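The structure file query_1.txt is reproduced below (compact mmCIF, C-alpha atoms).
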# COMPACT_ATOMS: atom_id res chain seq x y z
CA MET A 1241 0.00 0.00 0.00
CA ALA A 1242 1.00 3.65 -0.31
CA ASN A 1243 2.84 5.44 2.49
CA GLU A 1244 0.05 5.98 5.04
CA THR A 1245 1.76 8.97 6.67
CA LYS A 1246 2.26 10.86 3.41
CA LYS A 1247 -1.20 11.55 2.01
CA LEU A 1248 -0.25 13.73 -0.96
CA GLY A 1249 -0.45 12.05 -4.38
CA PHE A 1250 1.14 13.32 -7.60
CA GLY A 1251 -1.38 13.39 -10.45
CA LEU A 1252 0.44 13.18 -13.78
CA MET A 1253 -2.29 14.83 -15.84
CA ARG A 1254 -1.15 18.48 -16.01
CA LEU A 1255 2.57 18.07 -16.62
CA PRO A 1256 4.76 20.85 -18.02
CA VAL A 1257 4.84 20.83 -21.82
CA ILE A 1258 6.88 22.46 -24.56
CA ASP A 1259 5.27 24.91 -27.02
CA GLY A 1260 1.80 24.20 -25.62
CA ASN A 1261 1.72 20.70 -27.11
CA PRO A 1262 0.15 18.30 -24.57
CA GLU A 1263 2.08 15.41 -26.07
CA ASN A 1264 5.46 17.18 -25.88
CA ILE A 1265 6.09 16.80 -22.17
CA ASP A 1266 9.15 18.49 -20.68
CA ILE A 1267 10.76 15.31 -19.35
CA PRO A 1268 13.83 16.95 -17.71
CA GLU A 1269 11.50 19.21 -15.72
CA VAL A 1270 9.26 16.27 -14.77
CA CYS A 1271 12.37 14.43 -13.55
CA LYS A 1272 13.10 17.30 -11.14
CA MET A 1273 9.49 17.29 -9.95
CA VAL A 1274 9.44 13.53 -9.39
CA ASP A 1275 12.77 13.59 -7.57
CA LEU A 1276 11.67 16.32 -5.18
CA PHE A 1277 8.36 14.55 -4.51
CA LEU A 1278 10.17 11.32 -3.58
CA GLU A 1279 12.89 13.14 -1.65
CA ARG A 1280 10.21 14.60 0.61
CA GLY A 1281 8.93 11.09 1.38
CA PHE A 1282 5.84 10.98 -0.85
CA THR A 1283 5.30 7.89 -2.99
CA TYR A 1284 1.86 7.85 -4.70
CA PHE A 1285 1.79 8.63 -8.44
CA ASP A 1286 -1.33 8.62 -10.59
CA THR A 1287 -1.50 8.38 -14.38
CA ALA A 1288 -3.95 7.12 -17.01
CA TRP A 1289 -4.04 5.76 -20.54
CA ALA A 1290 -5.75 8.97 -21.70
CA TYR A 1291 -3.64 11.66 -19.95
CA HIS A 1292 -1.60 13.84 -22.30
CA ASN A 1293 -2.94 11.72 -25.18
CA GLY A 1294 -1.08 8.71 -23.87
CA LYS A 1295 2.20 10.50 -23.14
CA SER A 1296 1.68 10.71 -19.37
CA GLU A 1297 2.49 7.00 -19.07
CA VAL A 1298 5.64 7.58 -21.14
CA ALA A 1299 6.62 10.44 -18.83
CA ALA A 1300 6.09 8.14 -15.84
CA ARG A 1301 8.45 5.63 -17.45
CA GLU A 1302 11.16 8.15 -18.26
CA ALA A 1303 11.04 10.29 -15.11
CA LEU A 1304 10.03 7.74 -12.48
CA ILE A 1305 10.24 4.08 -13.42
CA LYS A 1306 13.59 4.10 -15.22
CA ARG A 1307 15.23 6.26 -12.56
CA HIS A 1308 13.98 4.94 -9.22
CA PRO A 1309 13.71 1.47 -7.63
CA ARG A 1310 10.28 -0.03 -8.37
CA ASP A 1311 9.61 -0.64 -4.68
CA SER A 1312 10.29 3.01 -3.77
CA PHE A 1313 6.94 4.29 -5.11
CA THR A 1314 3.40 3.22 -5.91
CA LEU A 1315 1.82 3.79 -9.31
CA ALA A 1316 -1.87 4.02 -10.20
CA ASP A 1317 -3.11 3.75 -13.79
CA LYS A 1318 -6.55 3.65 -15.43
CA LEU A 1319 -8.39 1.78 -18.16
CA PRO A 1320 -10.24 4.22 -20.48
CA THR A 1321 -13.77 2.81 -20.26
CA PHE A 1322 -15.06 5.71 -22.38
CA ALA A 1323 -12.76 4.80 -25.32
CA ILE A 1324 -13.60 1.10 -25.49
CA THR A 1325 -16.02 -0.12 -28.16
CA GLN A 1326 -14.97 -3.79 -28.46
CA LYS A 1327 -14.25 -6.39 -25.80
CA GLU A 1328 -10.75 -7.17 -27.10
CA GLN A 1329 -9.77 -3.55 -26.45
CA VAL A 1330 -9.97 -4.16 -22.70
CA GLN A 1331 -6.89 -6.38 -22.81
CA GLN A 1332 -5.29 -4.33 -25.59
CA PHE A 1333 -5.45 -1.02 -23.70
CA PHE A 1334 -4.24 -2.62 -20.47
CA GLU A 1335 -1.21 -4.08 -22.25
CA GLU A 1336 -0.56 -0.73 -23.93
CA SER A 1337 -0.41 0.93 -20.53
CA LEU A 1338 2.01 -1.69 -19.21
CA GLU A 1339 4.22 -1.27 -22.28
CA ARG A 1340 4.14 2.53 -22.34
CA SER A 1341 4.92 2.84 -18.65
CA GLY A 1342 7.37 -0.04 -18.35
CA ALA A 1343 6.03 -0.45 -14.82
CA GLY A 1344 5.91 -4.26 -14.83
CA TYR A 1345 2.78 -4.09 -12.67
CA PHE A 1346 0.43 -1.44 -11.33
CA ASP A 1347 0.04 -1.00 -7.60
CA TYR A 1348 -3.43 0.48 -8.13
CA TYR A 1349 -5.52 -0.01 -11.25
CA LEU A 1350 -8.81 1.74 -11.93
CA LEU A 1351 -11.67 1.67 -14.37
CA HIS A 1352 -11.65 5.29 -15.50
CA ASN A 1353 -14.69 7.56 -15.12
CA LEU A 1354 -17.51 5.22 -14.14
CA ASN A 1355 -21.09 6.41 -14.13
CA GLU A 1356 -24.48 4.74 -14.44
CA PHE A 1357 -24.43 4.46 -18.21
CA ILE A 1358 -20.81 3.37 -18.61
CA TYR A 1359 -21.28 0.79 -15.85
CA ASP A 1360 -24.56 -0.69 -17.10
CA GLY A 1361 -23.38 -0.72 -20.70
CA ILE A 1362 -19.67 -0.86 -21.43
CA VAL A 1363 -18.31 -2.20 -18.14
CA LYS A 1364 -20.81 -5.03 -17.80
CA ASP A 1365 -20.90 -5.91 -21.49
CA PHE A 1366 -17.13 -6.23 -21.77
CA GLY A 1367 -16.45 -7.88 -18.41
CA MET A 1368 -14.08 -5.21 -17.13
CA PHE A 1369 -14.26 -6.08 -13.43
CA GLU A 1370 -13.67 -9.74 -14.29
CA ALA A 1371 -10.65 -8.73 -16.36
CA MET A 1372 -9.21 -6.78 -13.43
CA GLN A 1373 -9.61 -9.77 -11.13
CA ALA A 1374 -7.72 -11.90 -13.65
CA TRP A 1375 -4.91 -9.34 -13.90
CA LYS A 1376 -4.68 -9.26 -10.12
CA SER A 1377 -4.42 -13.05 -9.92
CA GLN A 1378 -1.61 -12.84 -12.51
CA GLY A 1379 0.30 -10.30 -10.41
CA LYS A 1380 -0.11 -7.52 -12.96
CA ILE A 1381 -2.07 -5.30 -10.59
CA ARG A 1382 -2.12 -5.18 -6.79
CA HIS A 1383 -5.32 -3.33 -5.92
CA ILE A 1384 -8.63 -2.99 -7.82
CA GLY A 1385 -10.57 0.27 -7.97
CA PHE A 1386 -12.37 2.77 -10.16
CA SER A 1387 -12.76 6.51 -10.53
CA PHE A 1388 -16.30 7.81 -10.34
CA HIS A 1389 -18.40 10.75 -11.58
CA ASP A 1390 -22.07 10.22 -10.74
CA ASN A 1391 -24.50 10.19 -7.83
CA ALA A 1392 -24.22 8.32 -4.55
CA GLU A 1393 -27.06 5.93 -5.42
CA THR A 1394 -25.22 4.62 -8.49
CA LEU A 1395 -21.99 4.32 -6.50
CA ASP A 1396 -23.74 2.26 -3.83
CA ARG A 1397 -25.08 -0.11 -6.49
CA ILE A 1398 -21.67 -0.66 -8.08
CA LEU A 1399 -19.98 -1.36 -4.75
CA THR A 1400 -22.77 -3.74 -3.78
CA ASP A 1401 -22.30 -5.61 -7.08
CA HIS A 1402 -18.51 -5.72 -6.75
CA PRO A 1403 -17.20 -6.38 -3.23
CA GLU A 1404 -13.78 -7.12 -4.76
CA VAL A 1405 -13.24 -3.38 -5.24
CA GLU A 1406 -10.69 -2.07 -2.73
CA PHE A 1407 -10.78 1.69 -3.31
CA VAL A 1408 -12.67 4.40 -5.21
CA GLN A 1409 -11.35 7.70 -6.55
CA ILE A 1410 -13.84 10.58 -6.24
CA CYS A 1411 -13.92 14.38 -6.35
CA VAL A 1412 -13.55 15.74 -2.82
CA ASN A 1413 -12.97 19.32 -1.75
CA TYR A 1414 -14.67 21.66 0.67
CA LEU A 1415 -16.55 23.51 -2.09
CA ASP A 1416 -17.99 20.32 -3.63
CA TRP A 1417 -18.71 18.68 -0.27
CA GLU A 1418 -22.42 19.54 -0.39
CA HIS A 1419 -22.79 20.40 -4.09
CA TRP A 1420 -25.67 18.88 -6.02
CA SER A 1421 -23.69 17.62 -8.98
CA VAL A 1422 -20.60 16.09 -7.38
CA GLN A 1423 -22.25 14.91 -4.13
CA ALA A 1424 -18.82 14.58 -2.52
CA ARG A 1425 -20.00 13.95 1.03
CA LYS A 1426 -22.67 11.45 0.03
CA CYS A 1427 -20.27 9.52 -2.23
CA TYR A 1428 -17.58 9.48 0.46
CA GLU A 1429 -20.06 8.12 2.98
CA VAL A 1430 -21.15 5.35 0.59
CA ILE A 1431 -17.55 4.25 0.06
CA ARG A 1432 -16.86 4.14 3.77
CA LYS A 1433 -20.12 2.28 4.42
CA HIS A 1434 -18.79 -0.47 2.16
CA GLY A 1435 -15.47 -0.47 4.04
CA LYS A 1436 -13.40 0.72 1.04
CA ARG A 1437 -10.55 3.22 0.83
CA VAL A 1438 -10.82 6.61 -0.86
CA VAL A 1439 -8.49 8.39 -3.26
CA VAL A 1440 -9.29 12.09 -3.47
CA MET A 1441 -9.17 13.91 -6.80
CA GLU A 1442 -9.92 17.57 -7.53
CA SER A 1443 -8.47 18.48 -4.13
CA VAL A 1444 -7.94 22.07 -5.28
CA LYS A 1445 -10.77 21.92 -7.86
CA GLY A 1446 -8.56 22.52 -10.89
CA GLY A 1447 -6.84 25.48 -9.17
CA THR A 1448 -10.08 27.21 -8.19
CA LEU A 1449 -9.35 26.85 -4.47
CA ALA A 1450 -5.77 28.07 -4.88
CA SER A 1451 -6.87 31.62 -5.68
CA LEU A 1452 -9.83 32.66 -3.56
CA PRO A 1453 -12.02 35.76 -3.42
CA GLU A 1454 -10.54 38.27 -0.99
CA ASP A 1455 -13.23 37.86 1.66
CA VAL A 1456 -12.99 34.06 1.55
CA GLU A 1457 -9.21 34.12 1.88
CA LYS A 1458 -9.48 36.52 4.84
CA LEU A 1459 -11.83 34.09 6.57
CA LEU A 1460 -9.23 31.32 6.25
CA ARG A 1461 -6.30 33.58 7.20
CA ASP A 1462 -8.10 34.66 10.37
CA GLN A 1463 -8.35 31.01 11.37
CA ALA A 1464 -4.77 30.02 10.44
CA PRO A 1465 -2.54 32.92 9.33
CA ASP A 1466 0.31 30.74 8.06
CA ARG A 1467 -1.80 28.25 6.10
CA SER A 1468 -2.14 28.83 2.35
CA PRO A 1469 -5.41 28.26 0.44
CA VAL A 1470 -3.83 25.22 -1.25
CA GLU A 1471 -2.83 23.71 2.10
CA TRP A 1472 -6.38 24.18 3.37
CA SER A 1473 -7.69 22.34 0.30
CA LEU A 1474 -5.24 19.44 0.43
CA ARG A 1475 -5.71 18.94 4.15
CA PHE A 1476 -9.51 18.88 3.84
CA GLY A 1477 -9.54 15.67 1.80
CA ALA A 1478 -6.51 14.10 3.44
CA SER A 1479 -8.05 14.54 6.89
CA LEU A 1480 -11.01 12.28 6.14
CA PRO A 1481 -10.80 8.76 7.62
CA GLY A 1482 -10.00 6.08 5.07
CA VAL A 1483 -8.26 8.37 2.57
CA LEU A 1484 -5.33 6.71 0.86
CA ALA A 1485 -4.10 9.76 -1.06
CA ALA A 1486 -5.19 13.29 -1.91
CA LEU A 1487 -4.13 13.96 -5.49
CA SER A 1488 -2.78 17.21 -6.85
CA GLY A 1489 -2.21 17.67 -10.58
CA MET A 1490 1.05 19.59 -10.27
CA SER A 1491 2.42 21.40 -13.32
CA THR A 1492 5.60 23.07 -12.02
CA LEU A 1493 8.50 22.36 -9.70
CA GLU A 1494 7.32 25.27 -7.58
CA GLN A 1495 3.93 23.60 -7.06
CA VAL A 1496 5.62 20.36 -6.04
CA ASP A 1497 7.75 22.28 -3.56
CA GLN A 1498 4.78 24.16 -2.10
CA ASN A 1499 2.48 21.15 -1.88
CA THR A 1500 5.02 18.80 -0.36
CA ARG A 1501 6.01 21.43 2.21
CA SER A 1502 2.34 21.92 3.08
CA MET A 1503 1.82 18.19 3.59
CA GLN A 1504 5.25 17.27 4.99
CA ASP A 1505 4.16 17.17 8.63
CA PHE A 1506 0.52 16.41 8.02
CA ARG A 1507 -1.98 16.76 10.84
CA PRO A 1508 -5.73 16.30 10.30
CA LEU A 1509 -7.96 19.37 10.46
CA GLU A 1510 -9.69 20.22 13.71
CA GLU A 1511 -13.47 20.52 13.91
CA SER A 1512 -13.10 24.29 14.16
CA ASP A 1513 -11.15 24.23 10.88
CA ARG A 1514 -13.85 22.23 9.16
CA ALA A 1515 -16.48 24.70 10.40
CA VAL A 1516 -14.51 27.58 8.87
CA LEU A 1517 -14.24 25.73 5.55
CA ALA A 1518 -18.01 25.21 5.57
CA LYS A 1519 -18.43 28.97 5.98
CA ALA A 1520 -15.93 29.58 3.18
CA ALA A 1521 -17.87 27.28 0.84
CA ALA A 1522 -21.15 29.00 1.72
CA LEU A 1523 -19.58 32.39 1.06
CA MET A 1524 -18.32 31.27 -2.35
CA ASP A 1525 -21.70 29.75 -3.20
CA SER A 1526 -23.40 33.04 -2.32
CA LYS A 1527 -21.55 34.63 -5.23
CA VAL A 1528 -22.96 32.38 -7.99
CA LYS A 1529 -24.87 34.00 -10.84
CA TYR A 1530 -28.25 32.35 -10.22
CA PRO A 1531 -28.77 31.62 -6.51
CA LEU A 1532 -31.59 29.11 -6.04
CA THR A 1533 -34.38 29.40 -3.50
CA ASP A 1534 -36.77 26.64 -2.47
CA ALA A 1535 -34.78 24.31 -4.69
CA GLY A 1536 -36.08 21.14 -3.06
CA GLN A 1537 -39.70 22.22 -3.34
CA LEU A 1538 -39.34 23.33 -6.95
CA LYS A 1539 -36.95 20.61 -8.10
CA ASP A 1540 -39.54 18.78 -10.20
CA VAL A 1541 -41.81 21.71 -10.95
CA CYS A 1542 -41.43 21.65 -14.74
CA PRO A 1543 -44.46 19.97 -16.37
CA LYS A 1544 -42.28 19.07 -19.38
CA GLY A 1545 -39.86 17.10 -17.22
CA ILE A 1546 -36.92 19.50 -17.51
CA ARG A 1547 -34.74 19.27 -14.40
CA VAL A 1548 -34.58 23.03 -14.16
CA ALA A 1549 -32.97 23.35 -10.73
CA ASP A 1550 -30.30 20.79 -11.60
CA PHE A 1551 -29.35 22.50 -14.87
CA ILE A 1552 -29.01 25.89 -13.24
CA GLN A 1553 -27.16 24.65 -10.17
CA TYR A 1554 -24.72 22.62 -12.29
CA TYR A 1555 -24.09 25.80 -14.26
CA ASN A 1556 -23.55 27.77 -11.05
CA GLU A 1557 -21.07 25.19 -9.81
CA ALA A 1558 -19.21 24.80 -13.11
CA THR A 1559 -18.68 28.54 -13.59
CA GLN A 1560 -17.05 28.83 -10.17
CA GLU A 1561 -13.99 27.12 -11.62
CA VAL A 1562 -10.88 28.90 -12.89
CA ASN A 1563 -10.33 26.60 -15.86
CA LEU A 1564 -13.76 26.23 -17.44
CA ALA A 1565 -12.55 23.71 -20.01
CA PHE A 1566 -11.66 21.23 -17.25
CA SER A 1567 -14.62 21.79 -14.93
CA SER A 1568 -15.48 18.51 -13.21
CA GLU A 1569 -19.16 19.36 -13.60
CA LEU A 1570 -18.84 18.73 -17.33
CA ASN A 1571 -18.89 15.00 -16.54
CA TYR A 1572 -22.14 15.38 -14.61
CA TYR A 1573 -23.86 17.51 -17.24
CA LYS A 1574 -23.66 14.64 -19.73
CA LEU A 1575 -25.56 12.45 -17.28
CA LEU A 1576 -28.09 15.16 -16.50
CA LYS A 1577 -28.91 15.52 -20.21
CA ARG A 1578 -29.74 11.81 -20.35
CA ARG A 1579 -31.94 11.98 -17.26
CA SER A 1580 -33.89 15.12 -18.14
CA ALA A 1581 -36.22 16.32 -20.86
CA PRO A 1582 -34.30 18.64 -23.22
CA ILE A 1583 -34.14 22.33 -22.45
CA SER A 1584 -35.64 22.93 -25.90
CA ALA A 1585 -38.93 21.55 -24.51
CA CYS A 1586 -39.37 24.70 -22.41
CA ASP A 1587 -42.54 26.61 -23.37
CA ARG A 1588 -42.03 29.39 -20.79
CA CYS A 1589 -45.05 28.35 -18.76
CA GLY A 1590 -43.74 30.25 -15.72
CA LYS A 1591 -43.99 27.38 -13.20
CA CYS A 1592 -40.28 27.69 -12.36
CA ALA A 1593 -40.27 31.47 -11.86
CA GLY A 1594 -39.75 31.23 -8.11
CA LEU A 1595 -36.58 29.21 -8.44
CA CYS A 1596 -34.35 32.24 -9.13
CA PRO A 1597 -36.17 35.38 -7.97
CA GLY A 1598 -35.50 38.30 -10.27
CA ALA A 1599 -34.05 36.13 -13.03
CA ASP A 1600 -35.50 34.97 -16.33
CA VAL A 1601 -35.26 31.24 -15.60
CA PRO A 1602 -35.85 29.98 -19.17
CA ALA A 1603 -33.15 32.39 -20.39
CA ALA A 1604 -30.83 31.13 -17.65
CA LEU A 1605 -31.47 27.57 -18.85
CA LYS A 1606 -30.50 28.53 -22.39
CA GLU A 1607 -27.37 30.22 -21.07
CA ALA A 1608 -26.44 27.09 -19.13
CA GLU A 1609 -27.02 24.91 -22.17
CA ALA A 1610 -24.81 27.12 -24.35
CA PHE A 1611 -22.03 26.99 -21.76
CA PHE A 1612 -22.06 23.22 -21.44
CA GLU A 1613 -22.27 22.71 -25.18
CA LYS A 1614 -19.22 24.94 -25.62
CA TYR A 1615 -17.07 23.33 -22.94
CA GLY A 1616 -18.53 19.83 -22.75
CA PHE A 1617 -16.55 16.72 -23.61
Just give me the structure of the file as structure tokens.
Amino acid sequence: MANETKKLGFGLMRLPVIDGNPENIDIPEVCKMVDLFLERGFTYFDTAWAYHNGKSEVAAREALIKRHPRDSFTLADKLPTFAITQKEQVQQFFEESLERSGAGYFDYYLLHNLNEFIYDGIVKDFGMFEAMQAWKSQGKIRHIGFSFHDNAETLDRILTDHPEVEFVQICVNYLDWEHWSVQARKCYEVIRKHGKRVVVMESVKGGTLASLPEDVEKLLRDQAPDRSPVEWSLRFGASLPGVLAALSGMSTLEQVDQNTRSMQDFRPLEESDRAVLAKAAALMDSKVKYPLTDAGQLKDVCPKGIRVADFIQYYNEATQEVNLAFSSELNYYKLLKRRSAPISACDRCGKCAGLCPGADVPAALKEAEAFFEKYGF
């Protein structure tokens, strides 16, 4: 297992590149970043078949695997469920990852980006969990898991179906903890109910929680003057019981230095700290463009079956992020579209008017749709 006293994980998905080309990774710079990370006693690295168009695994080979003893670190990799259209690709993509990385075996191996529709269709149809159990019995992987972007109900069903799963990677940060789309707290509680470990992703929410509004940062500084916004974010996820690693997608040597210093002598947050972070999240949420009122009461108010409150709240949450093109809510919007009547069905009947007082709700829906269509993947 990973080093239990060093909770920070190095996500190899935003590595430094040359000339803006995601496939042209700056390997000498990544070598410096990897060396510093290991020097500070951290050991958990996370890559995936899809990161940097396949070049993240190559960077792991060149900067980590070729240069450090295999037992001095742990490596997680992921099978791209979303790219698989034929059963034989399951084995093919797994072998590609082994070859690209040169790792010999993966300490942690995940089905990438599970949700209700990928699970009930692709994963079941192509026997992906069964394949992982076979690879584990062959010594090619050590621990079975999956990354997840959906609601807590779906997560509970998957873990009930597959008790062989040992860990789940989910979005966890203090802003998403109670958010409608991500359902971080609910998903965390489901994982722990099943007795599984948690790997935290989106610890800093794509950099959003590294640069806070002035009043939010003051709130945190008043509580702990020497603690940076990034340290607050990393410690939030790492402080939760059962967390194996809190990932940070570090892009520079400076970020590695700052993050490892922040987590070097890790101590879990106090209850008073968690209370302050809850206030910080509420303050940030108060700044969204379309604050909702009576959301629970009006959630299903649309006679056409449009999930109005969900669409608007997902939009609110997505546009809080610094890097809109990588907003985690984009994953959830795809699912919402499949579960809701289309926004085009709106006939401006007025039943949802009370959801956002003072706002033209149908116009807000159109705005949300245009945003997600622009940035969606």
> Interatomic distance between CA of Phe1282 in chain A and CA of Phe1506 in chain A?
Replying inline: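 Atom-to-atom, CA of Phe1282 in chain A to CA of Phe1506 in chain A, that is 11.7 Å.
Shortest atom-to-atom contact with His1308 in chain A among A:Gln1326, A:Asn1261, A:Thr1448, A:Thr1283: A:Thr1283, counting all atoms listed in the file.
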Hey, what's within 7 Å of range 1476-1490 of chain A if we count all atoms listed in the file and toss same-chain stuff fewer than 2 positions away? As a compact mmCIF listing (two decimals) with C-alpha atoms, in the coordinates of the input, please?
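Result written to result-v2.txt:
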# COMPACT_ATOMS: atom_id res chain seq x y z
CA GLU A 1244 0.05 5.98 5.04
CA LYS A 1247 -1.20 11.55 2.01
CA LEU A 1248 -0.25 13.73 -0.96
CA GLY A 1249 -0.45 12.05 -4.38
CA PHE A 1250 1.14 13.32 -7.60
CA GLY A 1251 -1.38 13.39 -10.45
CA LEU A 1252 0.44 13.18 -13.78
CA MET A 1253 -2.29 14.83 -15.84
CA ARG A 1254 -1.15 18.48 -16.01
CA LEU A 1255 2.57 18.07 -16.62
CA VAL A 1412 -13.55 15.74 -2.82
CA ASN A 1413 -12.97 19.32 -1.75
CA TYR A 1414 -14.67 21.66 0.67
CA ARG A 1437 -10.55 3.22 0.83
CA VAL A 1438 -10.82 6.61 -0.86
CA VAL A 1439 -8.49 8.39 -3.26
CA VAL A 1440 -9.29 12.09 -3.47
CA MET A 1441 -9.17 13.91 -6.80
CA SER A 1443 -8.47 18.48 -4.13
CA TRP A 1472 -6.38 24.18 3.37
CA SER A 1473 -7.69 22.34 0.30
CA LEU A 1474 -5.24 19.44 0.43
CA THR A 1492 5.60 23.07 -12.02
CA GLN A 1495 3.93 23.60 -7.06
CA VAL A 1496 5.62 20.36 -6.04
CA PRO A 1508 -5.73 16.30 10.30
CA LEU A 1509 -7.96 19.37 10.46
>> Just want the 7 Å neighbourhood of Asn1355 in chain A, counted on all atoms listed in the file, with same-chain residues fewer than 2 positions away dropped. Output as a list in words.
In response: Asn1353, Phe1357, Ile1358, Tyr1359, Phe1388, His1389 and Asp1390 of chain A
Written selection (C-alpha atoms) as a short mmCIF file (atom, residue, chain, number, x, y, z; two decimals), in the coordinates of the input:
data_model
loop_
_atom_site.label_atom_id
_atom_site.label_comp_id
_atom_site.auth_asym_id
_atom_site.auth_seq_id
_atom_site.Cartn_x
_atom_site.Cartn_y
_atom_site.Cartn_z
CA ASN A 1353 -14.69 7.56 -15.12
CA PHE A 1357 -24.43 4.46 -18.21
CA ILE A 1358 -20.81 3.37 -18.61
CA TYR A 1359 -21.28 0.79 -15.85
CA PHE A 1388 -16.30 7.81 -10.34
CA HIS A 1389 -18.40 10.75 -11.58
CA ASP A 1390 -22.07 10.22 -10.74
#
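CA of Tyr1554 in chain A sits 25.1 Å away from CA of Ala1323 in chain A.
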>> For a quick check of understanding, using all atoms listed in the file, which of A:Glu1457, A:Pro1465, A:Ala1316, A:Thr1400 has the smallest distance to Lys1436 in chain A?
In response: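 The answer is A:Thr1400, which sits nearest to Lys1436 in chain A.
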Contacts of Leu1460 in chain A at 8 Å (all atoms listed in the file; same-chain gap of 4+ positions) as a compact mmCIF listing (two decimals) with C-alpha atoms, in the frame of the given file:
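result_29.txt, freshly written:
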# COMPACT_ATOMS: atom_id res chain seq x y z
CA VAL A 1456 -12.99 34.06 1.55
CA ALA A 1464 -4.77 30.02 10.44
CA PRO A 1465 -2.54 32.92 9.33
CA PRO A 1469 -5.41 28.26 0.44
CA VAL A 1516 -14.51 27.58 8.87
CA LEU A 1517 -14.24 25.73 5.55
CA ALA A 1520 -15.93 29.58 3.18
>> One number please: CA of Val1528 in chain A to CA of Gln1560 in chain A, in Å, one decimal.
In response: 7.2 Å
> Closest to Val1422 in chain A among A:Ala1593, A:Ala1558, A:Ala1610, A:Ile1552, using all atoms listed in the file?
Replying inline: A:Ala1558
> What would the list of residues within 12 Å of (-44.0, 24.9, -22.7) (file frame) look like as a count of residues only, if all atoms listed in the file are what count?
Replying inline: 18
